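Q: The structure file run_37.cif (mmCIF, C-alpha atoms) is provided below.
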```cif
data_protein
loop_
_atom_site.group_PDB
_atom_site.id
_atom_site.type_symbol
_atom_site.label_atom_id
_atom_site.label_comp_id
_atom_site.auth_asym_id
_atom_site.auth_seq_id
_atom_site.Cartn_x
_atom_site.Cartn_y
_atom_site.Cartn_z
ATOM 1 C CA MET A 100 5.054 -1.319 -30.598
ATOM 2 C CA GLU A 101 6.004 -3.601 -33.427
ATOM 3 C CA THR A 102 5.643 -7.341 -33.192
ATOM 4 C CA LEU A 103 8.612 -9.458 -32.226
ATOM 5 C CA ASN A 104 10.300 -11.707 -34.737
ATOM 6 C CA LYS A 105 11.392 -15.277 -33.931
ATOM 7 C CA LYS A 106 14.858 -14.520 -32.585
ATOM 8 C CA GLU A 107 13.518 -11.755 -30.324
ATOM 9 C CA LYS A 108 10.817 -14.081 -28.983
ATOM 10 C CA LEU A 109 13.410 -16.791 -28.384
ATOM 11 C CA LEU A 110 15.724 -14.379 -26.587
ATOM 12 C CA SER A 111 12.867 -13.107 -24.443
ATOM 13 C CA ILE A 112 11.866 -16.639 -23.471
ATOM 14 C CA LEU A 113 15.452 -17.671 -22.709
ATOM 15 C CA PHE A 114 16.109 -14.616 -20.554
ATOM 16 C CA GLY A 115 12.805 -15.157 -18.737
ATOM 17 C CA LEU A 116 13.721 -18.776 -18.055
ATOM 18 C CA ALA A 117 17.182 -17.740 -16.853
ATOM 19 C CA ALA A 118 15.611 -15.257 -14.430
ATOM 20 C CA ILE A 119 13.183 -17.872 -13.109
ATOM 21 C CA ILE A 120 15.927 -20.488 -12.735
ATOM 22 C CA ASN A 121 18.224 -18.016 -10.959
ATOM 23 C CA LEU A 122 15.479 -17.014 -8.540
ATOM 24 C CA THR A 123 14.492 -20.659 -7.957
ATOM 25 C CA VAL A 124 18.076 -21.632 -7.159
ATOM 26 C CA GLY A 125 18.326 -18.667 -4.776
ATOM 27 C CA VAL A 126 15.120 -19.593 -2.939
ATOM 28 C CA ASN A 127 16.181 -23.238 -2.809
ATOM 29 C CA SER A 128 19.583 -22.292 -1.416
ATOM 30 C CA LEU A 129 17.992 -19.947 1.106
ATOM 31 C CA ILE A 130 15.585 -22.591 2.427
ATOM 32 C CA LEU A 131 17.564 -25.817 2.185
ATOM 33 C CA GLN A 132 21.199 -24.761 2.417
ATOM 34 C CA SER A 133 20.869 -21.769 4.774
ATOM 35 C CA LEU A 134 22.034 -19.155 2.281
ATOM 36 C CA ASN A 135 22.871 -15.770 3.739
ATOM 37 C CA TRP A 136 20.130 -13.129 3.321
ATOM 38 C CA PHE A 137 22.580 -10.719 1.684
ATOM 39 C CA GLU A 138 23.404 -13.293 -0.966
ATOM 40 C CA PHE A 139 19.705 -13.980 -1.538
ATOM 41 C CA ILE A 140 19.060 -10.259 -2.044
ATOM 42 C CA SER A 141 21.810 -10.133 -4.658
ATOM 43 C CA CYS A 142 20.323 -13.240 -6.330
ATOM 44 C CA LEU A 143 16.926 -11.522 -6.409
ATOM 45 C CA ALA A 144 18.498 -8.365 -7.858
ATOM 46 C CA ILE A 145 20.258 -10.286 -10.609
ATOM 47 C CA SER A 146 17.002 -12.089 -11.418
ATOM 48 C CA LEU A 147 15.236 -8.732 -11.780
ATOM 49 C CA ILE A 148 17.953 -7.398 -14.078
ATOM 50 C CA ILE A 149 17.791 -10.533 -16.247
ATOM 51 C CA LEU A 150 13.992 -10.239 -16.292
ATOM 52 C CA ALA A 151 14.336 -6.657 -17.508
ATOM 53 C CA GLY A 152 16.504 -7.974 -20.338
ATOM 54 C CA SER A 153 13.771 -10.403 -21.312
ATOM 55 C CA LEU A 154 11.200 -7.608 -21.372
ATOM 56 C CA ASN A 155 13.169 -5.585 -23.939
ATOM 57 C CA PRO A 156 14.537 -8.066 -26.496
ATOM 58 C CA LYS A 157 14.835 -5.494 -29.292
ATOM 59 C CA LEU A 158 17.668 -3.846 -27.346
ATOM 60 C CA PHE A 159 20.038 -6.722 -28.111
ATOM 61 C CA PHE A 160 19.551 -6.513 -31.871
ATOM 62 C CA LYS A 161 20.141 -2.762 -32.302
ATOM 63 C CA GLN A 162 23.362 -1.389 -33.722
ATOM 64 C CA LEU A 163 25.683 0.290 -31.227
ATOM 65 C CA LYS A 164 25.546 3.482 -33.228
ATOM 66 C CA LYS A 165 21.778 3.657 -32.712
ATOM 67 C CA LEU A 166 22.043 2.748 -29.017
ATOM 68 C CA PHE A 167 24.199 5.770 -28.251
ATOM 69 C CA SER A 168 22.310 8.246 -30.404
ATOM 70 C CA PRO A 169 20.436 11.034 -28.564
ATOM 71 C CA HIS A 170 17.140 10.031 -30.181
ATOM 72 C CA PHE A 171 17.206 6.395 -29.033
ATOM 73 C CA THR A 172 14.190 5.190 -27.048
ATOM 74 C CA LEU A 173 13.643 1.818 -25.414
ATOM 75 C CA GLU A 174 10.815 -0.372 -26.704
ATOM 76 C CA PRO A 175 9.827 -2.726 -23.870
ATOM 77 C CA ILE A 176 7.076 -5.266 -24.419
ATOM 78 C CA ILE A 177 5.253 -4.105 -21.266
ATOM 79 C CA ASN A 178 4.309 -0.706 -19.843
ATOM 80 C CA SER A 179 7.454 1.415 -19.667
ATOM 81 C CA THR A 180 6.758 2.506 -16.079
ATOM 82 C CA VAL A 181 6.701 -1.104 -14.912
ATOM 83 C CA TYR A 182 9.807 -1.847 -16.992
ATOM 84 C CA TYR A 183 11.795 1.016 -15.471
ATOM 85 C CA THR A 184 10.577 0.065 -11.988
ATOM 86 C CA ILE A 185 11.940 -3.464 -12.465
ATOM 87 C CA ILE A 186 15.303 -2.127 -13.668
ATOM 88 C CA VAL A 187 15.653 0.432 -10.876
ATOM 89 C CA ALA A 188 14.573 -2.078 -8.209
ATOM 90 C CA GLY A 189 17.136 -4.577 -9.496
ATOM 91 C CA TRP A 190 19.984 -2.070 -9.421
ATOM 92 C CA ILE A 191 19.015 -0.695 -5.997
ATOM 93 C CA LEU A 192 18.826 -4.204 -4.540
ATOM 94 C CA LEU A 193 22.149 -5.150 -6.131
ATOM 95 C CA PHE A 194 24.042 -2.115 -4.857
ATOM 96 C CA GLY A 195 22.299 -2.400 -1.499
ATOM 97 C CA SER A 196 23.341 -6.028 -1.126
ATOM 98 C CA ILE A 197 26.917 -5.176 -2.087
ATOM 99 C CA LEU A 198 27.021 -2.384 0.490
ATOM 100 C CA LEU A 199 25.405 -4.549 3.166
ATOM 101 C CA ASP A 200 27.810 -7.388 2.485
ATOM 102 C CA ARG A 201 30.768 -5.015 2.530
ATOM 103 C CA PHE A 202 29.952 -2.981 5.643
ATOM 104 C CA TRP A 203 27.461 -5.018 7.669
ATOM 105 C CA SER A 204 28.987 -8.503 7.761
ATOM 106 C CA VAL A 205 31.739 -9.345 10.221
#
```
Please express what this file holds, its structure, as structure tokens.
A:
Amino acid sequence: METLNKKEKLLSILFGLAAIINLTVGVNSLILQSLNWFEFISCLAISLIILAGSLNPKLFFKQLKKLFSPHFTLEPIINSTVYYTIIVAGWILLFGSILLDRFWSV
């Protein structure tokens, strides 16, 4: 993997901070303001998706033509298995929380 330039490092740091802040607000709301568990799960899912964005900053600086080409590959800054696990876990938690909120709550 190539090294990251300044704007990619900055984007990665900002997305990481946004994920941490989102998760911190969710935990704070869950403990102090009695947030619903379904809403906390969706907050956790969104934090994971934002974290996945911070782990692949080169994605945001590619041209759209290259993004949709059949030969495009992602270049995460961590192991790709861990990266895909974070993305899939975030999407599963998000859709699960939407379904639980839609069909489980009264």
Q: Run through the PyMOL selection byres ((chain A and resi 171-185) around 10) on the given coordinates and return the selected residues as a VMD selection string.
A: chain A and resid 100 to 103 111 144 147 to 158 164 to 170 186 to 191
Q: Selection in question (the file shown): the PyMOL selection byres ((chain A and resi 137) around 12). Which residues does it include, as number ranges by chain?
A: A: 125, 129, 133-136, 138-144, 192-204
Q: Using CA of Ser146 in chain A and CA of Ala118 in chain A as the two end points, give the distance in Å to one decimal.
A: 4.6 Å
Q: In Å, with one decimal, what is the gap from CA of Asn127 in chain A to CA of Phe114 in chain A?
A: 19.7 Å
Q: As an exercise, work out the distance from CA of Lys161 in chain A to CA of Glu107 in chain A in Å and give it to one decimal place.
A: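 It comes out at 11.3 Å.
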Q: Put a box with edges along x, y and z around all the listed atoms of range 133-147 of chain A, pad it by 6 Å on each side, then give me its centre and sizes in Å, one decimal, as lines of an AutoDock Vina configuration file.
A:
```
center_x = 19.3
center_y = -15.1
center_z = -3.5
size_x = 20.2
size_y = 25.4
size_z = 28.6
```
